[in-house]
Each structure stands twice: as C-alpha cells, then as structure tokens.
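> Contents of final_7.pdb (PDB, C-alpha atoms and all ligand atoms) are below:
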MODEL        1
ATOM      1  CA  MET A   1     129.372  50.314 121.769
ATOM      2  CA  LYS A   2     125.899  50.372 120.223
ATOM      3  CA  SER A   3     124.746  53.048 122.650
ATOM      4  CA  ILE A   4     127.753  55.224 121.737
ATOM      5  CA  ILE A   5     126.877  54.886 118.036
ATOM      6  CA  ASN A   6     123.260  55.791 118.864
ATOM      7  CA  TYR A   7     124.440  58.807 120.829
ATOM      8  CA  VAL A   8     126.710  60.015 118.007
ATOM      9  CA  PHE A   9     123.904  59.486 115.488
ATOM     10  CA  LEU A  10     121.442  61.456 117.616
ATOM     11  CA  PHE A  11     123.966  64.261 118.131
ATOM     12  CA  ILE A  12     124.535  64.592 114.369
ATOM     13  CA  VAL A  13     120.793  64.640 113.672
ATOM     14  CA  LEU A  14     119.932  67.034 116.492
ATOM     15  CA  PHE A  15     122.903  69.402 116.248
ATOM     16  CA  PRO A  16     121.503  71.603 113.448
ATOM     17  CA  ILE A  17     118.278  71.950 115.417
ATOM     18  CA  GLN A  18     120.131  72.852 118.606
ATOM     19  CA  ILE A  19     121.969  75.738 116.966
ATOM     20  CA  PHE A  20     118.707  77.635 116.411
ATOM     21  CA  THR A  21     117.798  79.468 119.586
ATOM     22  CA  GLN A  22     114.139  80.031 120.412
ATOM     23  CA  THR A  23     114.481  83.694 119.368
ATOM     24  CA  GLN A  24     115.811  82.696 115.959
ATOM     25  CA  ILE A  25     112.961  80.231 115.469
ATOM     26  CA  ASP A  26     110.445  82.951 116.422
ATOM     27  CA  THR A  27     112.188  85.338 114.069
ATOM     28  CA  ILE A  28     112.025  82.928 111.127
ATOM     29  CA  ARG A  29     108.347  82.252 111.846
ATOM     30  CA  ASN A  30     107.515  85.977 111.789
ATOM     31  CA  ARG A  31     109.095  86.765 108.422
ATOM     32  CA  THR A  32     106.842  89.160 106.454
ATOM     33  CA  ASN A  33     108.680  89.513 103.104
ATOM     34  CA  LYS A  34     108.256  93.296 103.475
ATOM     35  CA  TYR A  35     111.181  95.635 103.914
ATOM     36  CA  THR A  36     112.122  99.291 103.426
ATOM     37  CA  ILE A  37     115.531 100.916 103.490
ATOM     38  CA  VAL A  38     116.352 104.635 103.345
ATOM     39  CA  ILE A  39     119.839 106.132 103.121
ATOM     40  CA  HIS A  40     121.374 109.595 103.247
ATOM     41  CA  GLY A  41     124.764 110.986 102.361
ATOM     42  CA  GLY A  42     124.299 114.402 103.970
ATOM     43  CA  ALA A  43     122.222 117.553 103.489
ATOM     44  CA  GLY A  44     123.379 121.088 102.766
ATOM     45  CA  THR A  45     123.901 123.732 100.134
ATOM     46  CA  ILE A  46     124.338 121.494  97.111
ATOM     47  CA  SER A  47     124.472 123.588  93.952
ATOM     48  CA  LYS A  48     122.127 122.524  91.167
ATOM     49  CA  SER A  49     124.877 123.438  88.716
ATOM     50  CA  LEU A  50     127.000 120.531  89.946
ATOM     51  CA  PRO A  51     128.952 119.228  86.912
ATOM     52  CA  ASP A  52     127.213 116.199  85.367
ATOM     53  CA  SER A  53     130.189 113.950  86.086
ATOM     54  CA  VAL A  54     130.125 114.856  89.796
ATOM     55  CA  LYS A  55     126.367 114.416  89.983
ATOM     56  CA  LYS A  56     126.653 111.049  88.232
ATOM     57  CA  SER A  57     129.324 109.845  90.595
ATOM     58  CA  TYR A  58     127.250 110.790  93.684
ATOM     59  CA  LEU A  59     124.180 109.051  92.262
ATOM     60  CA  GLU A  60     126.241 105.951  91.453
ATOM     61  CA  SER A  61     127.623 105.804  94.986
ATOM     62  CA  LEU A  62     124.136 106.223  96.456
ATOM     63  CA  SER A  63     122.789 103.431  94.213
ATOM     64  CA  HIS A  64     125.664 101.183  95.194
ATOM     65  CA  ALA A  65     125.087 101.795  98.909
ATOM     66  CA  LEU A  66     121.336 101.273  98.540
ATOM     67  CA  GLN A  67     121.845  98.028  96.629
ATOM     68  CA  ILE A  68     124.050  96.665  99.437
ATOM     69  CA  GLY A  69     121.277  97.263 101.963
ATOM     70  CA  LYS A  70     118.493  96.041  99.670
ATOM     71  CA  ASP A  71     120.327  92.758  98.970
ATOM     72  CA  ILE A  72     120.788  92.107 102.684
ATOM     73  CA  LEU A  73     117.113  92.744 103.463
ATOM     74  CA  ALA A  74     115.786  90.873 100.401
ATOM     75  CA  ASN A  75     117.784  87.814 101.461
ATOM     76  CA  GLY A  76     116.265  87.768 104.928
ATOM     77  CA  GLY A  77     119.085  89.719 106.616
ATOM     78  CA  THR A  78     118.439  91.996 109.566
ATOM     79  CA  SER A  79     117.916  95.758 109.523
ATOM     80  CA  LEU A  80     120.922  96.102 111.824
ATOM     81  CA  ASP A  81     123.216  94.334 109.341
ATOM     82  CA  ALA A  82     121.826  96.385 106.455
ATOM     83  CA  VAL A  83     122.422  99.644 108.334
ATOM     84  CA  GLU A  84     125.983  98.705 109.313
ATOM     85  CA  LYS A  85     127.022  97.426 105.864
ATOM     86  CA  VAL A  86     125.548 100.393 103.965
ATOM     87  CA  ILE A  87     127.382 102.783 106.269
ATOM     88  CA  ASN A  88     130.587 100.714 105.994
ATOM     89  CA  TYR A  89     130.431 101.316 102.250
ATOM     90  CA  PHE A  90     129.973 105.079 102.674
ATOM     91  CA  GLU A  91     132.890 105.078 105.128
ATOM     92  CA  THR A  92     135.200 103.946 102.308
ATOM     93  CA  ASP A  93     133.967 106.473  99.726
ATOM     94  CA  PRO A  94     135.878 109.785 100.055
ATOM     95  CA  LYS A  95     132.929 111.751  98.640
ATOM     96  CA  PHE A  96     131.084 111.351 101.946
ATOM     97  CA  ASN A  97     131.964 112.875 105.291
ATOM     98  CA  ALA A  98     132.392 109.629 107.192
ATOM     99  CA  GLY A  99     135.344 107.280 107.588
ATOM    100  CA  ILE A 100     137.961 108.020 104.934
ATOM    101  CA  GLY A 101     136.168 111.194 103.761
ATOM    102  CA  ALA A 102     135.930 112.746 107.252
ATOM    103  CA  VAL A 103     136.260 116.554 107.296
ATOM    104  CA  TYR A 104     139.096 118.486 108.970
ATOM    105  CA  THR A 105     138.896 120.063 112.414
ATOM    106  CA  SER A 106     140.245 123.606 112.926
ATOM    107  CA  GLU A 107     143.581 122.018 113.822
ATOM    108  CA  GLY A 108     143.816 119.884 110.699
ATOM    109  CA  THR A 109     142.889 116.616 112.410
ATOM    110  CA  HIS A 110     139.900 114.268 111.977
ATOM    111  CA  GLU A 111     137.483 113.282 114.756
ATOM    112  CA  MET A 112     134.686 110.934 113.881
ATOM    113  CA  ASP A 113     131.362 110.135 115.554
ATOM    114  CA  ALA A 114     128.882 107.307 114.930
ATOM    115  CA  ALA A 115     125.869 105.616 116.489
ATOM    116  CA  ILE A 116     123.692 102.596 115.825
ATOM    117  CA  MET A 117     120.392 101.600 117.419
ATOM    118  CA  ASP A 118     118.276  98.457 117.434
ATOM    119  CA  GLY A 119     114.541  99.217 117.580
ATOM    120  CA  ARG A 120     113.716  95.788 119.039
ATOM    121  CA  ASP A 121     114.859  96.603 122.555
ATOM    122  CA  LEU A 122     116.380 100.102 122.358
ATOM    123  CA  SER A 123     119.913  98.632 122.464
ATOM    124  CA  CYS A 124     122.335 101.216 121.196
ATOM    125  CA  GLY A 125     126.016 101.954 120.878
ATOM    126  CA  ALA A 126     128.006 105.028 119.900
ATOM    127  CA  VAL A 127     131.521 106.402 119.585
ATOM    128  CA  ALA A 128     132.735 109.989 119.524
ATOM    129  CA  GLY A 129     135.998 111.689 118.648
ATOM    130  CA  VAL A 130     137.757 108.621 117.249
ATOM    131  CA  GLN A 131     140.807 109.385 115.125
ATOM    132  CA  HIS A 132     142.148 106.003 114.034
ATOM    133  CA  VAL A 133     139.032 103.933 113.331
ATOM    134  CA  PRO A 134     138.244 103.412 109.624
ATOM    135  CA  HIS A 135     134.713 102.134 110.351
ATOM    136  CA  PRO A 136     133.278 104.049 113.323
ATOM    137  CA  ILE A 137     129.807 102.519 112.768
ATOM    138  CA  SER A 138     131.204  99.017 113.348
ATOM    139  CA  LEU A 139     132.893 100.155 116.542
ATOM    140  CA  ALA A 140     129.551 101.667 117.637
ATOM    141  CA  ARG A 141     127.930  98.284 117.033
ATOM    142  CA  ILE A 142     130.609  96.542 119.105
ATOM    143  CA  VAL A 143     130.040  99.061 121.920
ATOM    144  CA  MET A 144     126.335  98.130 121.747
ATOM    145  CA  GLU A 145     126.864  94.378 121.631
ATOM    146  CA  LYS A 146     130.011  93.800 123.659
ATOM    147  CA  SER A 147     130.262  96.552 126.285
ATOM    148  CA  PRO A 148     128.022  97.541 129.196
ATOM    149  CA  HIS A 149     128.006 101.162 127.908
ATOM    150  CA  VAL A 150     126.256 103.219 125.241
ATOM    151  CA  LEU A 151     128.846 105.865 124.291
ATOM    152  CA  LEU A 152     132.643 105.622 124.335
ATOM    153  CA  ALA A 153     134.841 108.539 123.277
ATOM    154  CA  TYR A 154     138.398 109.420 122.226
ATOM    155  CA  ASP A 155     141.271 107.138 123.271
ATOM    156  CA  GLY A 156     139.083 105.014 125.565
ATOM    157  CA  ALA A 157     136.964 104.122 122.534
ATOM    158  CA  GLU A 158     140.093 103.360 120.509
ATOM    159  CA  ARG A 159     141.626 101.185 123.222
ATOM    160  CA  PHE A 160     138.362  99.254 123.300
ATOM    161  CA  ALA A 161     138.459  98.921 119.492
ATOM    162  CA  GLN A 162     141.953  97.471 119.693
ATOM    163  CA  LYS A 163     140.972  95.096 122.465
ATOM    164  CA  MET A 164     138.069  93.850 120.354
ATOM    165  CA  GLY A 165     140.418  93.138 117.443
ATOM    166  CA  LEU A 166     139.505  96.061 115.158
ATOM    167  CA  LYS A 167     142.250  97.339 112.891
ATOM    168  CA  LEU A 168     143.275 100.936 113.619
ATOM    169  CA  VAL A 169     144.839 103.195 110.971
ATOM    170  CA  PRO A 170     147.233 106.160 111.188
ATOM    171  CA  PRO A 171     145.584 109.626 111.104
ATOM    172  CA  GLU A 172     146.952 110.249 107.567
ATOM    173  CA  TYR A 173     144.528 107.596 106.310
ATOM    174  CA  PHE A 174     141.817 110.292 106.567
ATOM    175  CA  ASP A 175     143.761 112.977 104.656
ATOM    176  CA  THR A 176     142.018 113.437 101.316
ATOM    177  CA  PRO A 177     142.714 116.283  98.854
ATOM    178  CA  GLU A 178     138.995 117.060  98.434
ATOM    179  CA  ARG A 179     138.401 117.560 102.148
ATOM    180  CA  TYR A 180     141.635 119.530 102.516
ATOM    181  CA  LYS A 181     140.512 121.921  99.782
ATOM    182  CA  GLN A 182     137.048 122.122 101.348
ATOM    183  CA  TRP A 183     138.644 123.071 104.688
ATOM    184  CA  GLN A 184     140.816 125.769 103.074
ATOM    185  CA  ASP A 185     137.831 127.094 101.091
ATOM    186  CA  TYR A 186     135.727 127.122 104.235
ATOM    187  CA  LYS A 187     138.324 129.213 106.025
ATOM    188  CA  LYS A 188     138.411 131.627 103.081
ATOM    189  CA  LYS A 189     134.564 131.637 103.170
ATOM    190  CA  LEU A 190     134.415 130.135  99.668
ATOM    191  CA  GLU A 191     132.666 127.024 100.851
ATOM    192  CA  GLU A 192     129.096 127.101 102.115
ATOM    193  CA  GLY A 193     127.507 124.729 104.575
ATOM    194  CA  LYS A 194     127.692 121.452 102.726
ATOM    195  CA  HIS A 195     127.363 118.340 104.841
ATOM    196  CA  GLY A 196     128.190 114.781 103.961
ATOM    197  CA  THR A 197     127.344 112.760 107.036
ATOM    198  CA  VAL A 198     125.936 109.358 106.135
ATOM    199  CA  GLY A 199     123.013 107.476 107.601
ATOM    200  CA  CYS A 200     120.743 104.538 107.034
ATOM    201  CA  VAL A 201     117.427 103.394 108.504
ATOM    202  CA  ALA A 202     115.746 100.096 107.739
ATOM    203  CA  LEU A 203     112.741  97.906 108.442
ATOM    204  CA  ASP A 204     113.524  94.222 107.929
ATOM    205  CA  GLU A 205     111.268  91.278 107.074
ATOM    206  CA  TYR A 206     110.881  90.463 110.782
ATOM    207  CA  GLY A 207     109.345  93.876 111.544
ATOM    208  CA  ASN A 208     112.475  95.220 113.250
ATOM    209  CA  LEU A 209     113.698  98.767 112.818
ATOM    210  CA  ALA A 210     117.306  99.957 113.025
ATOM    211  CA  ALA A 211     119.101 103.278 112.519
ATOM    212  CA  GLY A 212     122.731 104.303 112.123
ATOM    213  CA  THR A 213     124.694 107.487 111.446
ATOM    214  CA  SER A 214     128.417 108.062 110.853
ATOM    215  CA  THR A 215     130.208 111.386 110.397
ATOM    216  CA  GLY A 216     133.399 113.393 110.488
ATOM    217  CA  GLY A 217     131.307 116.213 112.007
ATOM    218  CA  MET A 218     131.396 119.793 110.720
ATOM    219  CA  THR A 219     134.295 121.294 108.759
ATOM    220  CA  ASN A 220     136.641 123.367 110.930
ATOM    221  CA  LYS A 221     134.952 122.249 114.179
ATOM    222  CA  MET A 222     136.893 122.719 117.406
ATOM    223  CA  PRO A 223     138.784 119.605 118.451
ATOM    224  CA  GLY A 224     136.690 117.946 121.148
ATOM    225  CA  ARG A 225     133.373 119.034 119.639
ATOM    226  CA  ILE A 226     130.800 116.251 119.501
ATOM    227  CA  GLY A 227     127.770 116.624 117.237
ATOM    228  CA  ASP A 228     124.312 115.102 117.175
ATOM    229  CA  SER A 229     125.171 111.944 115.230
ATOM    230  CA  PRO A 230     126.500 109.806 118.136
ATOM    231  CA  LEU A 231     123.954 111.141 120.629
ATOM    232  CA  ILE A 232     121.064 108.718 120.939
ATOM    233  CA  GLY A 233     117.808 110.613 120.441
ATOM    234  CA  ASP A 234     119.484 113.612 118.784
ATOM    235  CA  GLY A 235     120.961 112.383 115.479
ATOM    236  CA  THR A 236     120.064 108.694 115.698
ATOM    237  CA  TYR A 237     117.092 106.792 117.168
ATOM    238  CA  ALA A 238     115.130 103.566 116.603
ATOM    239  CA  ASN A 239     112.151 102.107 118.404
ATOM    240  CA  ASN A 240     110.018  99.276 117.007
ATOM    241  CA  LYS A 241     106.946 100.977 118.517
ATOM    242  CA  THR A 242     107.354 103.994 116.225
ATOM    243  CA  CYS A 243     110.214 104.578 113.783
ATOM    244  CA  ALA A 244     113.938 104.659 113.002
ATOM    245  CA  VAL A 245     115.592 108.029 112.294
ATOM    246  CA  SER A 246     119.009 109.270 111.127
ATOM    247  CA  CYS A 247     119.721 113.010 110.883
ATOM    248  CA  THR A 248     122.135 115.236 109.014
ATOM    249  CA  GLY A 249     122.791 118.939 109.315
ATOM    250  CA  TRP A 250     123.963 121.515 111.805
ATOM    251  CA  GLY A 251     124.496 119.210 114.786
ATOM    252  CA  GLU A 252     124.087 121.819 117.532
ATOM    253  CA  LYS A 253     120.572 122.592 116.272
ATOM    254  CA  PHE A 254     119.666 118.908 116.134
ATOM    255  CA  ILE A 255     120.906 118.450 119.711
ATOM    256  CA  LYS A 256     118.843 121.389 120.997
ATOM    257  CA  HIS A 257     115.706 120.060 119.310
ATOM    258  CA  ILE A 258     116.385 116.392 120.227
ATOM    259  CA  VAL A 259     115.290 115.752 116.680
ATOM    260  CA  ALA A 260     115.429 111.970 116.227
ATOM    261  CA  PHE A 261     113.634 111.176 119.486
ATOM    262  CA  ASN A 262     111.087 113.917 118.892
ATOM    263  CA  VAL A 263     109.977 112.341 115.602
ATOM    264  CA  SER A 264     109.298 109.143 117.533
ATOM    265  CA  ALA A 265     107.642 111.029 120.419
ATOM    266  CA  LEU A 266     105.269 112.925 118.110
ATOM    267  CA  MET A 267     104.185 109.583 116.663
ATOM    268  CA  GLU A 268     103.837 107.838 120.010
ATOM    269  CA  TYR A 269     102.258 110.585 122.097
ATOM    270  CA  LYS A 270     100.525 112.787 119.528
ATOM    271  CA  LYS A 271      99.603 109.933 117.191
ATOM    272  CA  MET A 272     101.072 111.759 114.173
ATOM    273  CA  SER A 273     101.976 109.800 111.057
ATOM    274  CA  LEU A 274     105.692 109.407 110.268
ATOM    275  CA  LYS A 275     105.456 112.072 107.562
ATOM    276  CA  GLN A 276     103.614 114.551 109.782
ATOM    277  CA  ALA A 277     106.099 114.067 112.618
ATOM    278  CA  ALA A 278     109.197 114.339 110.417
ATOM    279  CA  ASP A 279     107.831 117.386 108.533
ATOM    280  CA  ASP A 280     106.853 119.083 111.781
ATOM    281  CA  ILE A 281     110.402 118.941 113.106
ATOM    282  CA  ILE A 282     112.224 119.779 109.872
ATOM    283  CA  TYR A 283     109.925 122.522 108.583
ATOM    284  CA  LYS A 284     108.371 123.986 111.761
ATOM    285  CA  GLN A 285     110.779 123.447 114.643
ATOM    286  CA  LEU A 286     114.103 123.780 112.798
ATOM    287  CA  GLN A 287     115.044 126.692 110.571
ATOM    288  CA  PRO A 288     115.820 126.848 106.859
ATOM    289  CA  ASN A 289     119.248 125.390 106.062
ATOM    290  CA  ASP A 290     119.556 123.440 109.333
ATOM    291  CA  GLY A 291     119.472 120.025 107.622
ATOM    292  CA  GLY A 292     117.306 116.972 107.077
ATOM    293  CA  LEU A 293     116.536 113.453 108.186
ATOM    294  CA  ILE A 294     115.549 110.043 106.917
ATOM    295  CA  ALA A 295     113.010 107.891 108.735
ATOM    296  CA  VAL A 296     111.052 104.665 108.339
ATOM    297  CA  ASP A 297     108.172 103.393 110.466
ATOM    298  CA  LYS A 298     107.092  99.918 111.494
ATOM    299  CA  LYS A 299     104.708  99.671 108.513
ATOM    300  CA  GLY A 300     107.462 100.525 106.034
ATOM    301  CA  ASN A 301     106.335 104.129 105.401
ATOM    302  CA  TYR A 302     109.293 106.414 104.931
ATOM    303  CA  ALA A 303     110.104 110.146 105.042
ATOM    304  CA  MET A 304     113.144 112.115 103.847
ATOM    305  CA  PRO A 305     112.432 115.825 104.547
ATOM    306  CA  PHE A 306     115.168 118.480 104.429
ATOM    307  CA  ASN A 307     115.197 122.277 104.639
ATOM    308  CA  THR A 308     118.510 122.755 102.805
ATOM    309  CA  THR A 309     118.874 123.023  99.020
ATOM    310  CA  GLY A 310     119.657 119.331  98.719
ATOM    311  CA  MET A 311     120.180 116.049 100.514
ATOM    312  CA  PHE A 312     121.936 113.019  99.019
ATOM    313  CA  ARG A 313     119.425 110.238  99.628
ATOM    314  CA  GLY A 314     117.757 107.069  98.406
ATOM    315  CA  VAL A 315     115.023 104.574  99.186
ATOM    316  CA  ALA A 316     114.359 100.942  98.271
ATOM    317  CA  THR A 317     111.361  98.788  99.210
ATOM    318  CA  SER A 318     110.236  95.193  98.837
ATOM    319  CA  SER A 319     107.533  96.405  96.448
ATOM    320  CA  GLY A 320     110.160  97.360  93.885
ATOM    321  CA  LYS A 321     110.887 101.032  94.538
ATOM    322  CA  PHE A 322     114.557 101.932  94.070
ATOM    323  CA  GLU A 323     115.332 105.655  93.855
ATOM    324  CA  VAL A 324     118.318 107.893  94.518
ATOM    325  CA  MET A 325     118.046 111.692  94.582
ATOM    326  CA  ILE A 326     119.850 114.905  95.466
ATOM    327  CA  TRP A 327     117.379 117.801  95.135
ATOM    328  CA  LYS A 328     113.598 118.076  95.690
TER     329      LYS A 328
HETATM  330  N1  LIG B   1     125.213 116.487 111.964
HETATM  331  C1  LIG B   1     126.635 116.372 111.753
HETATM  332  C2  LIG B   1     127.335 117.041 112.917
HETATM  333  O1  LIG B   1     126.906 118.088 113.334
HETATM  334  C3  LIG B   1     127.118 117.000 110.508
HETATM  335  C4  LIG B   1     126.335 116.672 109.254
HETATM  336  O2  LIG B   1     125.308 116.046 109.297
HETATM  337  O3  LIG B   1     126.792 117.046 108.203
HETATM  338  O4  LIG B   1     128.340 116.556 113.359
ENDMDL
END
Would you put the structure from the file into structure tokens?
Ligand code: ASP

Amino acid sequence: MKSIINYVFLFIVLFPIQIFTQTQIDTIRNRTNKYTIVIHGGAGTISKSLPDSVKKSYLESLSHALQIGKDILANGGTSLDAVEKVINYFETDPKFNAGIGAVYTSEGTHEMDAAIMDGRDLSCGAVAGVQHVPHPISLARIVMEKSPHVLLAYDGAERFAQKMGLKLVPPEYFDTPERYKQWQDYKKKLEEGKHGTVGCVALDEYGNLAAGTSTGGMTNKMPGRIGDSPLIGDGTYANNKTCAVSCTGWGEKFIKHIVAFNVSALMEYKKMSLKQAADDIIYKQLQPNDGGLIAVDKKGNYAMPFNTTGMFRGVATSSGKFEVMIWK
C-alpha cells in the first residue's frame, strides 16, 4: 500500500516535468526577449485621395492585426502562431482579399490560396483553389503539420480539411458587395490593379522565423489559376538561416522571379543585407507596379519595399516600434 502511495506521489510531482519535451526545455532556455513582426494587407494602386473614413478603417484593421501578433510574441508565443492568428484576423475582415473578402474569378466564384512556412526546419504547408474554407491559412498549417505533403489543391484539400475537423462554409459566405462591385468595375475597366492579399512574417523570442500569406488571388482570374502566394519560394518563404518573406502583387511576375526564395538566396549566397536583397528584387528585378513584399531577418531587421503606389502594411518590435502605413 505504502509503495502505491509513493508511486502516486512521485507521479504527481514528476508529471508536470514530464510534459516538457527536451525541445521545449531548449526553447525556453534560449528565449531572447527580442521579437519583430511585419504584416501586409496587399499592394497596388491605392489612391492617395482615399476618403478619410476609408483610410481610417484600413489603418484600424492593420493596427488590430498587428496588435494580435505583437501580443502573441510579447507573451512568449511562437512566430508560427503569430503569423497564423494575424492572418486569421485578416481572413474575417472583408476589406482584405483573403478569406471572407476573397475576390471574384471570371466566373463569379472564389478560389483561395494560402501558405505557411516554419524557418526552423523548412517545414511548410499550402492550399490552392479552396472554395469552402473560411481560414485557408489554418488549413495550410494543418497540411504542414498533419499531412506528408506540402501543397493540396481544390476538392482534395477540402476533403482533407473536413477529415481534420475544420468547418467548411457554403460559397455564398465569400460573396461581399464590395468585391462584387470591384469585379464589375474591373470588367468595365474602372478598377485599377488594387491587391489585398494578406501576409505576415515574424521573428519570435526563440530566434525562429515564420512566414504566411493568404489570398483570393487576382480579380477576374480564370478558374483554376494559382498565384504565387501558395507556392513555397515564390510568394512565401522562411529559413532561420536568412529571413522570412511574404509577397503581394501580380502573382505571375512573382512566380517567374521566384521572389521570396531569391531574397533569401541573395542574403545567403551574395551576403547581402535583408534590405539590399529585398530592394534588389522589388526595384531592380521586378517592374513598376508589380507589387511588394514584407521580410524580417534572424536579427530582427525588417524590410517592406513595394513598387506600386501603396501597400497596406505595419511593423511592431520588442523595442517599442508600432507603425501602420499605406503610402511611402
Ligand atoms: N499575389 C496574389 C496573386 O497573384 C495577388 C495579390 O497579392 O494581390 O494571387
């Protein structure tokens, strides 16, 4: 009897210790108290004469999204969680072209793409062409963590979402009056290339980088078209050796220039700084009006270059910076 009591006592004392794996203990030990988070809500032709109320509402949404990520990182959360939760927020705000605010295809449907990447070990997950998933970034994370694959598309991705217990929604969930008008205006050539893809990159207090991007793609795209956002190395990339990158803009151009990976490659192979590498791609390799990117490196330096008139964006750091912006 006494030995059973001893055993139970030991179990109760040791249990909390047992639930920490060696990796978690290492992680806690390496906490630096330094973090950086950068977000974007799309780049494009954003008129400077935007009504004040519209401008205010974009800036408020950006601040809200940034605060979500900052709180996670400041409380010792991981860059991966910060990236997913920030993008989850954007995916519920109809002003942004992701989740509920996804743009229309040429056939009046919605097809969404997303990707997430963990800079610790290059783990990544992505989905393309999903039509019933309210949070494509979370499905991308499940593909990364719970499937042997990197990219799942169309109904295969949705069947996997269902199997993993994610709630699917009817296609009408993504019908918003603003995007409908934008689609009609685009067809009448009244709407210029405005993008609203969302992205987030972060460095957490354990020195780990993560990147994520979520989008409805480009207005009036052909059904079946997949852009740069879910393609690892094109619209999304993270590697603890160099940087984390999320892109926004004309996806076909970003695919041809393998933009996100190239920022990392210029740093790794040509020893450029984050700013030099990001500027090189956006201002020298791409053309005016192609788009922009956000990036953070392993030291917490960040870059947010764009060659369009504006890019919805923001940055927060552990040293107290907290800024949201639209134009230069
Ligand atoms: N890059 C996205 C795509 O081509 C669109 C955007 O960023 O606005 O699908």
> To one decimal place, how far is CA of Asp121 (chain A) from CA of Asn239 (chain A) in Å?
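Atom-to-atom, CA of Asp121 (chain A) to CA of Asn239 (chain A), that is 7.4 Å.
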> Do you have the CA of Arg225 (chain A)-CA of Asp280 (chain A) distance handy?
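Between CA of Arg225 (chain A) and CA of Asp280 (chain A) the gap is 27.7 Å.
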> In Å, how far is it from CA of Leu166 (chain A) to CA of Asp204 (chain A)?
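For CA of Leu166 (chain A) relative to CA of Asp204 (chain A), the distance reads 27.0 Å.
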> Show me which residues are within 9 Å of ligand LIG 1 (chain B) counting only C-alpha atoms and all ligand atoms, and format the list as a CSV table (one decimal) with C-alpha atoms, in the frame of the given file.

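This went into result.csv:
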chain,number,residue,atom,x,y,z
A,41,GLY,CA,124.8,111.0,102.4
A,42,GLY,CA,124.3,114.4,104.0
A,43,ALA,CA,122.2,117.6,103.5
A,44,GLY,CA,123.4,121.1,102.8
A,97,ASN,CA,132.0,112.9,105.3
A,112,MET,CA,134.7,110.9,113.9
A,113,ASP,CA,131.4,110.1,115.6
A,193,GLY,CA,127.5,124.7,104.6
A,194,LYS,CA,127.7,121.5,102.7
A,195,HIS,CA,127.4,118.3,104.8
A,196,GLY,CA,128.2,114.8,104.0
A,197,THR,CA,127.3,112.8,107.0
A,198,VAL,CA,125.9,109.4,106.1
A,213,THR,CA,124.7,107.5,111.4
A,214,SER,CA,128.4,108.1,110.9
A,215,THR,CA,130.2,111.4,110.4
A,216,GLY,CA,133.4,113.4,110.5
A,217,GLY,CA,131.3,116.2,112.0
A,218,MET,CA,131.4,119.8,110.7
A,219,THR,CA,134.3,121.3,108.8
A,221,LYS,CA,135.0,122.2,114.2
A,225,ARG,CA,133.4,119.0,119.6
A,226,ILE,CA,130.8,116.3,119.5
A,227,GLY,CA,127.8,116.6,117.2
A,228,ASP,CA,124.3,115.1,117.2
A,229,SER,CA,125.2,111.9,115.2
A,230,PRO,CA,126.5,109.8,118.1
A,235,GLY,CA,121.0,112.4,115.5
A,247,CYS,CA,119.7,113.0,110.9
A,248,THR,CA,122.1,115.2,109.0
A,249,GLY,CA,122.8,118.9,109.3
A,250,TRP,CA,124.0,121.5,111.8
A,251,GLY,CA,124.5,119.2,114.8
A,252,GLU,CA,124.1,121.8,117.5
A,253,LYS,CA,120.6,122.6,116.3
A,254,PHE,CA,119.7,118.9,116.1
A,255,ILE,CA,120.9,118.4,119.7
A,291,GLY,CA,119.5,120.0,107.6
A,292,GLY,CA,117.3,117.0,107.1
> To test the calculation: enclose all listed atoms of region 284-290 of chain A in a box whose edges run along x, y and z, add 4 Å on each side, then state centre and edge lengths in Å to one decimal, as lines of an AutoDock Vina configuration file.

center_x = 114.0
center_y = 125.1
center_z = 110.4
size_x = 19.2
size_y = 11.4
size_z = 16.6
> Kindly reconstruct region 77-81 of chain A with all heavy atoms and present the result as a CSV table (one decimal), in the coordinates of the input.

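Result file rebuild17.csv:
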chain,number,residue,atom,x,y,z
A,77,GLY,N,118.2,89.2,105.6
A,77,GLY,CA,119.1,89.7,106.6
A,77,GLY,C,118.4,90.7,107.5
A,77,GLY,O,117.2,91.1,107.3
A,78,THR,N,119.1,91.1,108.6
A,78,THR,CA,118.4,92.0,109.6
A,78,THR,C,118.7,93.5,109.2
A,78,THR,O,119.6,93.8,108.5
A,78,THR,CB,119.0,91.8,111.0
A,78,THR,OG1,120.4,92.1,110.9
A,78,THR,CG2,118.9,90.3,111.4
A,79,SER,N,117.8,94.3,109.8
A,79,SER,CA,117.9,95.8,109.5
A,79,SER,C,119.2,96.3,110.1
A,79,SER,O,119.9,97.1,109.5
A,79,SER,CB,116.7,96.5,110.1
A,79,SER,OG,116.5,96.1,111.5
A,80,LEU,N,119.7,95.7,111.2
A,80,LEU,CA,120.9,96.1,111.8
A,80,LEU,C,122.1,95.8,110.9
A,80,LEU,O,123.0,96.7,110.7
A,80,LEU,CB,121.1,95.3,113.1
A,80,LEU,CG,121.7,96.0,114.3
A,80,LEU,CD1,121.1,97.3,114.6
A,80,LEU,CD2,121.6,95.1,115.5
A,81,ASP,N,122.1,94.7,110.3
A,81,ASP,CA,123.2,94.3,109.3
A,81,ASP,C,123.2,95.3,108.1
A,81,ASP,O,124.2,95.7,107.7
A,81,ASP,CB,123.1,92.9,108.9
A,81,ASP,CG,123.6,91.9,109.9
A,81,ASP,OD1,124.3,92.4,110.8
A,81,ASP,OD2,123.3,90.7,109.8
